[in-house]
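Structure file start_27.txt; described as compact mmCIF, C-alpha atoms.
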# COMPACT_ATOMS: atom_id res chain seq x y z
CA MET L 1 -0.35 -5.02 23.20
CA ALA L 2 0.02 -2.35 25.85
CA ALA L 3 3.60 -1.81 24.72
CA ALA L 4 2.41 -1.55 21.13
CA GLY L 5 -0.18 1.06 22.09
CA ALA L 6 2.42 3.06 24.01
CA GLY L 7 4.81 3.00 21.06
CA TYR L 8 2.12 4.15 18.64
CA LEU L 9 0.98 6.90 21.02
CA ASP L 10 4.55 8.17 21.30
CA ILE L 11 4.63 8.50 17.52
CA LEU L 12 1.27 10.22 17.31
CA ARG L 13 2.36 12.70 19.99
CA ALA L 14 5.33 13.76 17.84
CA ARG L 15 4.78 17.12 16.21
CA HIS L 16 2.96 16.86 12.87
CA ALA L 17 2.81 13.01 12.98
CA ALA L 18 -0.93 12.61 13.57
CA ARG L 19 -1.75 15.27 11.00
CA LEU L 20 0.40 13.63 8.35
CA LEU L 21 -1.00 10.15 9.01
CA VAL L 22 -4.66 11.22 9.08
CA GLY L 23 -4.23 13.56 6.11
CA THR L 24 -2.61 10.81 4.06
CA LEU L 25 -5.33 8.29 4.92
CA VAL L 26 -8.11 10.75 4.06
CA GLY L 27 -6.25 11.77 0.91
CA ARG L 28 -6.10 8.15 -0.20
CA LEU L 29 -9.82 7.48 0.29
CA PRO L 30 -10.67 8.02 -3.40
CA ASN L 31 -8.07 5.43 -4.38
CA ALA L 32 -9.08 2.93 -1.70
CA THR L 33 -12.75 3.15 -2.65
CA ALA L 34 -12.50 3.66 -6.41
CA ALA L 35 -13.33 0.10 -7.46
CA ILE L 36 -16.49 -0.25 -5.40
CA ALA L 37 -17.58 3.36 -6.04
CA ILE L 38 -17.22 2.94 -9.82
CA VAL L 39 -19.10 -0.37 -9.81
CA LEU L 40 -21.99 1.04 -7.76
CA PHE L 41 -22.18 4.16 -9.93
CA VAL L 42 -22.20 2.23 -13.21
CA ARG L 43 -24.91 -0.07 -11.84
CA ALA L 44 -26.99 2.96 -10.78
CA GLU L 45 -26.58 4.35 -14.31
CA GLY L 46 -27.98 1.15 -15.77
CA GLY L 47 -24.66 -0.13 -17.07
CA THR L 48 -23.63 -3.79 -17.11
CA TYR L 49 -21.33 -5.46 -14.61
CA SER L 50 -18.90 -6.06 -17.48
CA LEU L 51 -18.70 -2.31 -18.11
CA ALA L 52 -18.35 -1.61 -14.40
CA GLY L 53 -15.51 -4.11 -14.06
CA ALA L 54 -13.77 -2.81 -17.16
CA LEU L 55 -13.91 0.80 -15.97
CA ALA L 56 -12.65 -0.19 -12.52
CA ALA L 57 -9.81 -2.10 -14.19
CA ALA L 58 -8.97 0.92 -16.35
CA TYR L 59 -8.70 3.02 -13.20
CA GLY L 60 -6.42 0.42 -11.59
CA VAL L 61 -4.11 0.14 -14.61
CA ALA L 62 -3.83 3.93 -14.94
CA ASN L 63 -3.14 4.21 -11.22
CA ALA L 64 -0.37 1.61 -11.46
CA VAL L 65 1.25 3.61 -14.25
CA GLY L 66 0.85 6.99 -12.57
CA GLN L 67 2.17 6.22 -9.08
CA PRO L 68 5.88 5.74 -9.91
CA VAL L 69 5.81 8.57 -12.48
CA LEU L 70 4.34 11.02 -9.98
CA GLY L 71 6.66 9.64 -7.30
CA ARG L 72 9.66 10.57 -9.45
CA LEU L 73 8.23 14.05 -9.96
CA VAL L 74 7.86 14.43 -6.18
CA ASP L 75 11.52 13.51 -5.75
CA LEU L 76 12.47 16.08 -8.38
CA TYR L 77 10.20 19.00 -7.48
CA GLY L 78 8.98 18.45 -3.92
CA GLN L 79 5.66 17.34 -2.48
CA PRO L 80 3.42 20.46 -2.64
CA ARG L 81 4.16 21.18 -6.31
CA VAL L 82 3.12 17.65 -7.36
CA GLN L 83 0.77 16.16 -4.78
CA LEU L 84 -1.87 18.91 -4.64
CA PRO L 85 -2.16 19.52 -8.42
CA ALA L 86 -2.37 15.76 -8.94
CA ALA L 87 -5.12 15.43 -6.29
CA LEU L 88 -7.09 18.24 -7.92
CA ALA L 89 -6.70 16.73 -11.39
CA ALA L 90 -7.81 13.28 -10.18
CA ALA L 91 -10.82 14.74 -8.34
CA LEU L 92 -11.89 16.82 -11.33
CA ALA L 93 -11.64 13.80 -13.63
CA MET L 94 -13.74 11.61 -11.32
CA THR L 95 -16.26 14.42 -10.84
CA ALA L 96 -16.56 14.74 -14.61
CA PHE L 97 -17.28 11.00 -14.75
CA ALA L 98 -19.90 11.36 -12.01
CA LEU L 99 -21.63 14.26 -13.79
CA THR L 100 -21.58 12.87 -17.35
CA GLY L 101 -22.20 9.22 -16.50
CA THR L 102 -21.51 6.29 -18.80
CA GLY L 103 -23.39 7.68 -21.80
CA PRO L 104 -20.51 9.25 -23.71
CA ALA L 105 -18.31 6.14 -23.63
CA ALA L 106 -15.10 7.87 -24.72
CA LEU L 107 -15.50 10.54 -22.04
CA ALA L 108 -16.23 7.96 -19.35
CA TRP L 109 -13.15 5.91 -20.19
CA THR L 110 -10.95 9.01 -20.42
CA ALA L 111 -12.20 10.46 -17.15
CA VAL L 112 -11.74 7.22 -15.20
CA ALA L 113 -8.26 6.65 -16.62
CA ALA L 114 -7.26 10.25 -15.85
CA ALA L 115 -8.51 9.89 -12.27
CA GLY L 116 -6.34 6.82 -11.80
CA LEU L 117 -3.32 8.30 -13.54
CA PHE L 118 -3.26 11.49 -11.45
CA THR L 119 -3.91 9.88 -8.07
CA PRO L 120 -1.20 11.51 -5.91
CA PRO L 121 1.49 9.23 -4.39
CA LEU L 122 0.59 10.20 -0.82
CA GLU L 123 1.49 6.78 0.50
CA GLY L 124 5.10 6.95 -0.69
CA GLY L 125 5.27 10.60 0.30
CA LEU L 126 4.33 9.83 3.91
CA ARG L 127 7.05 7.20 4.21
CA ALA L 128 9.59 9.66 2.88
CA LEU L 129 8.50 12.15 5.58
CA TRP L 130 8.65 9.88 8.63
CA PRO L 131 12.43 10.20 9.21
CA SER L 132 12.17 14.00 9.26
CA VAL L 133 9.29 13.93 11.77
CA LEU L 134 10.49 11.22 14.16
CA PRO L 135 13.84 11.71 15.89
CA ARG L 136 14.84 8.07 16.44
CA GLU L 137 15.37 5.24 13.98
CA GLU L 138 13.30 2.77 16.01
CA GLN L 139 10.36 5.19 15.94
CA VAL L 140 10.52 5.28 12.15
CA HIS L 141 10.31 1.49 12.03
CA THR L 142 7.34 1.52 14.42
CA ALA L 143 5.73 4.19 12.21
CA TYR L 144 6.07 1.90 9.21
CA ALA L 145 4.22 -0.83 11.14
CA MET L 146 1.56 1.67 12.21
CA ASP L 147 1.27 2.78 8.59
CA ALA L 148 0.62 -0.80 7.47
CA VAL L 149 -2.03 -1.21 10.17
CA ALA L 150 -3.67 2.10 9.23
CA GLN L 151 -3.95 0.91 5.62
CA GLU L 152 -5.98 -2.09 6.75
CA VAL L 153 -8.30 0.22 8.69
CA MET L 154 -8.71 2.46 5.66
CA PHE L 155 -9.50 -0.40 3.30
CA THR L 156 -12.10 -1.60 5.80
CA VAL L 157 -13.69 1.76 6.57
CA GLY L 158 -13.52 3.12 3.01
CA PRO L 159 -16.06 0.74 1.43
CA LEU L 160 -18.37 1.36 4.38
CA LEU L 161 -18.22 5.10 3.66
CA VAL L 162 -19.14 4.43 0.05
CA THR L 163 -22.19 2.39 1.00
CA VAL L 164 -23.28 5.01 3.54
CA CYS L 165 -23.01 7.79 0.94
CA VAL L 166 -24.93 5.70 -1.59
CA SER L 167 -27.67 4.95 0.96
CA VAL L 168 -28.00 8.53 2.20
CA TRP L 169 -27.51 10.33 -1.12
CA SER L 170 -26.60 8.48 -4.31
CA ALA L 171 -23.76 6.68 -6.06
CA GLN L 172 -23.03 9.90 -7.94
CA ALA L 173 -22.73 11.83 -4.68
CA ALA L 174 -20.44 9.15 -3.26
CA LEU L 175 -17.96 9.66 -6.10
CA VAL L 176 -17.95 13.44 -5.63
CA VAL L 177 -17.85 13.47 -1.82
CA LEU L 178 -15.01 10.97 -1.54
CA ASN L 179 -12.90 12.88 -4.05
CA VAL L 180 -13.53 16.17 -2.26
CA LEU L 181 -12.36 14.50 0.93
CA GLY L 182 -9.32 13.24 -0.94
CA VAL L 183 -8.35 16.77 -1.99
CA LEU L 184 -8.79 18.03 1.57
CA GLY L 185 -6.58 15.24 2.89
CA ALA L 186 -3.87 15.98 0.34
CA LEU L 187 -4.11 19.69 1.13
CA SER L 188 -3.66 18.99 4.85
CA VAL L 189 -0.45 17.11 4.10
CA VAL L 190 1.18 19.42 1.58
CA VAL L 191 0.69 22.63 3.58
CA SER L 192 2.28 21.05 6.66
CA PRO L 193 5.81 22.25 7.54
CA PRO L 194 7.46 18.80 7.07
CA SER L 195 5.99 18.42 3.57
CA ARG L 196 6.92 21.96 2.53
CA ALA L 197 10.45 21.61 3.91
CA TRP L 198 11.17 18.12 2.57
CA ARG L 199 13.69 17.86 -0.24
CA SER L 200 14.96 14.74 -1.88
CA ALA L 201 18.70 14.16 -1.86
CA PRO L 202 20.58 15.07 -5.07
CA ARG L 203 20.09 12.24 -7.54
CA GLU L 204 22.11 10.82 -10.37
CA ALA L 205 20.34 11.38 -13.66
CA HIS L 206 19.22 7.97 -14.91
CA TRP L 207 16.16 7.02 -16.93
CA LEU L 208 15.53 3.94 -14.76
CA GLY L 209 15.36 6.04 -11.60
CA ALA L 210 14.73 3.84 -8.56
CA LEU L 211 14.60 0.70 -10.74
CA ARG L 212 18.36 0.76 -11.26
CA SER L 213 18.71 -0.78 -7.79
CA PRO L 214 19.07 -4.59 -8.05
CA GLY L 215 17.94 -4.98 -4.44
CA LEU L 216 14.76 -3.01 -5.07
CA LEU L 217 14.02 -5.07 -8.20
CA ALA L 218 14.39 -8.27 -6.17
CA LEU L 219 12.00 -6.97 -3.52
CA LEU L 220 9.46 -5.91 -6.14
CA GLY L 221 9.63 -9.35 -7.74
CA ALA L 222 8.87 -10.99 -4.40
CA PHE L 223 6.03 -8.61 -3.60
CA LEU L 224 4.39 -9.16 -6.96
CA PHE L 225 3.63 -12.69 -5.72
CA VAL L 226 2.53 -11.48 -2.28
CA GLY L 227 0.00 -9.33 -4.14
CA ILE L 228 -1.05 -12.33 -6.25
CA ALA L 229 -1.68 -14.30 -3.05
CA LEU L 230 -3.88 -11.58 -1.58
CA GLY L 231 -5.82 -11.03 -4.80
CA SER L 232 -6.49 -14.73 -5.29
CA ILE L 233 -7.99 -15.10 -1.80
CA THR L 234 -10.73 -12.60 -2.62
CA VAL L 235 -11.89 -14.76 -5.54
CA ALA L 236 -11.54 -18.12 -3.78
CA ALA L 237 -13.50 -16.71 -0.83
CA VAL L 238 -16.42 -15.87 -3.13
CA SER L 239 -16.51 -19.48 -4.33
CA TYR L 240 -16.40 -20.75 -0.74
CA ALA L 241 -19.13 -18.34 0.40
CA ASP L 242 -21.44 -19.46 -2.42
CA GLY L 243 -21.67 -22.84 -0.74
CA HIS L 244 -21.60 -21.71 2.89
CA GLY L 245 -24.04 -18.85 3.36
CA GLY L 246 -23.53 -16.37 0.53
CA ASP L 247 -22.60 -12.69 0.75
CA ALA L 248 -22.74 -12.49 4.54
CA VAL L 249 -20.07 -15.17 4.90
CA TYR L 250 -17.95 -13.51 2.23
CA GLY L 251 -18.12 -10.25 4.15
CA TRP L 252 -17.00 -12.00 7.34
CA LEU L 253 -14.09 -13.65 5.52
CA MET L 254 -12.83 -10.33 4.15
CA ALA L 255 -13.24 -8.67 7.54
CA ALA L 256 -11.34 -11.55 9.15
CA LEU L 257 -8.48 -11.13 6.70
CA GLY L 258 -8.22 -7.46 7.63
CA LEU L 259 -8.51 -8.23 11.34
CA GLY L 260 -5.62 -10.68 11.13
CA ALA L 261 -3.47 -8.09 9.38
CA LEU L 262 -4.40 -5.47 12.00
CA ALA L 263 -3.43 -7.76 14.86
CA GLY L 264 -0.22 -8.91 13.22
CA GLY L 265 0.87 -5.38 12.38
CA ALA L 266 0.12 -4.13 15.89
CA VAL L 267 2.16 -6.89 17.53
CA TYR L 268 5.01 -6.57 15.02
CA GLY L 269 5.32 -2.84 15.66
CA ALA L 270 5.37 -3.33 19.43
CA ARG L 271 9.05 -4.22 19.54
CA GLN L 272 12.36 -3.57 17.83
CA TRP L 273 13.79 -6.45 15.86
CA ALA L 274 17.47 -7.38 15.83
CA GLY L 275 19.27 -8.22 12.61
CA VAL L 276 18.94 -7.09 9.04
CA PRO L 277 15.37 -6.75 7.70
CA GLU L 278 16.13 -8.71 4.50
CA ARG L 279 16.63 -11.89 6.54
CA ARG L 280 13.57 -11.12 8.65
CA LEU L 281 11.41 -10.66 5.54
CA ARG L 282 12.25 -14.17 4.36
CA VAL L 283 10.97 -15.57 7.65
CA LEU L 284 7.82 -13.45 7.53
CA VAL L 285 7.01 -14.42 3.93
CA ALA L 286 7.56 -18.10 4.78
CA LEU L 287 5.11 -17.80 7.68
CA LEU L 288 2.66 -15.94 5.43
CA ALA L 289 2.76 -18.77 2.87
CA VAL L 290 2.36 -21.46 5.54
CA CYS L 291 -0.66 -19.69 7.07
CA TYR L 292 -2.42 -19.66 3.69
CA LEU L 293 -2.32 -23.46 3.41
CA PRO L 294 -4.99 -24.30 6.07
CA LEU L 295 -7.54 -22.41 3.97
CA MET L 296 -7.54 -25.45 1.67
CA LEU L 297 -9.27 -27.44 4.44
CA ARG L 298 -12.47 -25.41 3.82
CA PRO L 299 -14.19 -26.21 7.15
CA GLY L 300 -17.51 -24.76 8.30
CA ALA L 301 -18.09 -21.02 8.15
CA VAL L 302 -17.06 -20.21 11.75
CA ALA L 303 -13.84 -22.23 11.58
CA MET L 304 -13.10 -20.80 8.12
CA VAL L 305 -13.39 -17.25 9.47
CA LEU L 306 -10.87 -18.13 12.19
CA LEU L 307 -8.49 -19.64 9.64
CA THR L 308 -8.81 -16.49 7.54
CA VAL L 309 -7.82 -14.37 10.55
CA VAL L 310 -4.69 -16.49 10.91
CA SER L 311 -3.93 -16.21 7.18
CA GLY L 312 -3.81 -12.42 7.45
CA VAL L 313 -1.58 -12.17 10.53
CA PHE L 314 1.75 -11.88 8.72
CA LEU L 315 0.63 -9.60 5.86
CA ALA L 316 1.09 -6.25 7.63
CA PRO L 317 4.46 -7.30 9.16
CA CYS L 318 5.67 -8.26 5.66
CA ILE L 319 4.62 -4.86 4.31
CA ALA L 320 6.18 -2.96 7.23
CA CYS L 321 9.45 -4.86 6.84
CA ALA L 322 9.41 -4.19 3.08
CA PHE L 323 9.16 -0.44 3.77
CA ILE L 324 12.47 -0.57 5.63
CA ILE L 325 14.12 -2.55 2.82
CA VAL L 326 12.89 -0.10 0.20
CA ASP L 327 14.56 2.74 2.06
CA ARG L 328 17.78 0.74 2.35
CA HIS L 329 17.98 0.00 -1.36
CA ALA L 330 16.44 3.07 -3.03
CA PRO L 331 19.13 4.96 -4.98
CA ARG L 332 19.90 8.38 -3.59
CA GLY L 333 17.21 10.91 -4.44
CA THR L 334 14.53 8.34 -5.42
CA VAL L 335 12.87 7.44 -2.11
CA THR L 336 9.31 8.52 -3.04
CA GLU L 337 9.52 6.86 -6.43
CA ALA L 338 10.83 3.65 -4.83
CA PHE L 339 7.96 3.49 -2.36
CA SER L 340 5.53 4.18 -5.19
CA TRP L 341 6.94 1.25 -7.17
CA LEU L 342 6.23 -1.03 -4.20
CA VAL L 343 2.62 0.20 -4.12
CA THR L 344 2.27 -0.31 -7.87
CA THR L 345 3.80 -3.79 -7.83
CA PHE L 346 1.57 -4.93 -4.97
CA THR L 347 -1.52 -3.54 -6.73
CA VAL L 348 -0.64 -5.19 -10.04
CA GLY L 349 0.01 -8.47 -8.23
CA ALA L 350 -3.41 -8.34 -6.56
CA SER L 351 -5.03 -7.74 -9.95
CA VAL L 352 -3.13 -10.67 -11.48
CA GLY L 353 -4.18 -12.81 -8.52
CA THR L 354 -7.86 -12.15 -9.10
CA GLY L 355 -7.40 -12.88 -12.80
CA VAL L 356 -5.57 -16.16 -12.17
CA ALA L 357 -7.83 -17.42 -9.39
CA GLY L 358 -11.00 -17.09 -11.48
CA PRO L 359 -10.09 -19.71 -14.10
CA VAL L 360 -8.49 -21.92 -11.42
CA VAL L 361 -11.71 -21.95 -9.38
CA GLN L 362 -13.74 -22.52 -12.55
CA ALA L 363 -11.62 -25.51 -13.53
CA GLY L 364 -10.76 -27.07 -10.18
CA GLY L 365 -13.18 -25.67 -7.62
CA THR L 366 -12.68 -23.88 -4.33
CA LEU L 367 -9.93 -26.22 -3.13
CA TRP L 368 -7.57 -25.23 -5.93
CA GLY L 369 -8.62 -21.61 -5.61
CA PHE L 370 -7.26 -21.59 -2.06
CA ALA L 371 -4.12 -23.38 -3.27
CA VAL L 372 -3.17 -20.30 -5.31
CA PRO L 373 -2.29 -17.99 -2.36
CA GLY L 374 -0.11 -20.67 -0.75
CA ALA L 375 1.67 -21.32 -4.04
CA ALA L 376 2.15 -17.59 -4.67
CA GLY L 377 3.55 -17.14 -1.16
CA ALA L 378 5.99 -19.99 -1.79
CA VAL L 379 7.16 -18.41 -5.05
CA SER L 380 7.65 -15.10 -3.26
CA LEU L 381 9.88 -16.86 -0.73
CA LEU L 382 11.84 -18.53 -3.54
CA VAL L 383 12.44 -15.12 -5.15
CA LEU L 384 13.78 -13.77 -1.84
CA LEU L 385 16.03 -16.81 -1.39
CA ALA L 386 17.31 -16.71 -4.97
CA THR L 387 18.14 -13.00 -4.72
CA GLY L 388 19.57 -13.14 -1.20
CA ARG L 389 22.99 -11.83 -2.24
CA VAL L 390 21.46 -8.95 -4.17
CA LEU L 391 19.04 -8.04 -1.40
CA THR L 392 21.67 -7.96 1.31
CA ALA L 393 22.61 -4.31 1.76
CA PRO L 394 26.32 -3.71 0.97
CA ALA L 395 28.65 -2.92 3.82
CA GLY L 396 28.13 0.61 5.04
CA ARG L 397 24.80 0.96 3.28
CA ALA L 398 22.39 2.97 5.41
CA VAL L 399 19.10 1.96 6.86
CA VAL L 400 16.35 4.38 7.72
CA ALA L 401 17.63 7.40 9.57
CA ALA L 402 17.15 11.12 9.63
CA SER L 403 19.47 11.82 6.77
CA SER L 404 20.09 14.10 3.85
CA GLU L 405 17.24 12.39 1.98
CA ASN L 406 14.88 14.16 4.36
CA ASP L 407 17.01 17.16 5.25
CA PRO L 408 16.16 20.38 3.42
CA ASN L 409 19.73 21.59 3.99
CA ARG L 410 21.09 18.33 2.65
CA ALA L 411 23.63 18.14 5.44
CA ALA L 412 25.47 14.90 6.04
CA GLU L 413 24.08 12.92 8.95
CA PRO L 414 25.24 9.82 10.80
CA ARG L 415 23.72 6.62 9.49
CA PHE L 416 23.23 3.10 10.83
CA SER L 417 25.15 0.18 9.44
CA PRO L 418 23.45 -3.07 8.37
CA GLY L 419 24.68 -4.74 11.52
CA ASP L 420 22.76 -2.40 13.73
CA ARG L 421 19.26 -3.04 14.93
CA ALA L 422 16.72 -2.65 12.14

Here is the file; what I need is its structure written in the form of structure tokens.
Amino acid sequence: MAAAGAGYLDILRARHAARLLVGTLVGRLPNATAAIAIVLFVRAEGGTYSLAGALAAAYGVANAVGQPVLGRLVDLYGQPRVQLPAALAAALAMTAFALTGTGPAALAWTAVAAAGLFTPPLEGGLRALWPSVLPREEQVHTAYAMDAVAQEVMFTVGPLLVTVCVSVWSAQAALVVLNVLGVLGALSVVVSPPSRAWRSAPREAHWLGALRSPGLLALLGAFLFVGIALGSITVAAVSYADGHGGDAVYGWLMAALGLGALAGGAVYGARQWAGVPERRLRVLVALLAVCYLPLMLRPGAVAMVLLTVVSGVFLAPCIACAFIIVDRHAPRGTVTEAFSWLVTTFTVGASVGTGVAGPVVQAGGTLWGFAVPGAAGAVSLLVLLATGRVLTAPAGRAVVAASSENDPNRAAEPRFSPGDRA
């Protein structure tokens, strides 16, 4: 763990690195907290839980559509010209929702959908910037692991910020404050020298953009089921908590899942891994699926919390490894769009997982609810195995390096071959 801390500190000491990471995390707060903030606001307005869930779902669907579209625009026109206007548009839409409430239904639906659609792709943008900020390939890989860990922190801290704002001020104020913070975070990123200097490599005009890569499509197919696994746990955990202590136990289970991911990501990023990442991802996904299975035992609350910690250990390593594979397979000039597709696919998978787990729990109980994540993890592994030839980077294909993709002068740079350490 000491080695992991030293590696992360080396990255944060690099010029602009801490600013970009913190700015991105703050900029993504509105997205990370949207579901709970919308639900609390609709409840405060006297709306039903059905309306709250539907509006939160509308935000999620719009966000899934907007991320790859805005990611392509970033690749075409640069980060400042897309990220900041998108952040402002999303904040204005959510502020309009906060000020008008749920009364004018058409306005509420339009505002929430617009807020989701214009959420800036800061997550994909940060991953496109890492190779231009960090001088060595192994540092970029460690940064990807740190990025995955930081996401878990954000998704833990974000809901707490919402509840604090609601307690101190109101649900309406929470929506406005979090979106103001989001704009400030995006502004911090886009005015930084790396963001202003970054240019995507010249791209071949193609309507499919990043999706014309067979390797990327295979990865997205696998990660759809990783998302399903994660989404289904949140529903199965509610059913378990209902019989073992209620909301307090549910909160501990969700915190344990995040703690496991934090620990796993920290350890994974502590060292450099030999071999190609595609093969390593298969091992990580297999371990992820296996660690979901003990949840079906449904022991007492304390033991269940410990099992949930274990179930989350390999999530962040899977995500960090996927980041490297995305960069290996993204067609030239589509790196931000490719990362955005991974975010969208994972989000859609989590939504599908919650939708699938509900009827499964209703029909078969908690046991079968916890069978869903293990089954989804197994399907993800099967997708990776079935597409092994497609996923393997062709000879001479580059892995992450400081290259023309992140070089404003678009000069040719040495790359690493698939046989090198990744």

- So which one's closest to L:Pro30, L:Gly369, L:Pro193, L:Pro120, L:Gly103? Using all atoms listed in the file, please.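 Among the listed residues, L:Pro120 lies closest to L:Pro30.
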
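Nearest residue to L:Thr308 among L:Phe339, L:Trp252, L:Phe223, L:Tyr144 is L:Trp252, counting all atoms listed in the file.
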
- Message: Show me the residues around (-3.0, 18.1, 3.8) - criterion: an atom at most 10 Å away, all atoms listed in the file counted - as a PyMOL selection string.
- Response: chain L and resi 19-24+26-27+80+83-84+122+182-192+195

- Rounded to one decimal in Å, what is the spacing between atom CA of L:Thr387 and atom CA of L:Gly215?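 These two atoms are separated by 8.0 Å.
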
- Message: Need the shell around L:Tyr250: protein/DNA/RNA residues with any atom at most 12 Å away, counting all atoms listed in the file. Skip same-chain ones fewer than 4 positions apart. Format as a list of chain:residue names?
- Response: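 Residues near the query, excluding close chain neighbours: L:Ile233, L:Thr234, L:Val235, L:Ala236, L:Ala237, L:Val238, L:Ser239, L:Tyr240, L:Ala241, L:Asp242, L:Gly243, L:His244, L:Gly245, L:Gly246, L:Met254, L:Ala255, L:Ala256, L:Leu257, L:Ala301, L:Val302, L:Met304, L:Val305, L:Thr308.
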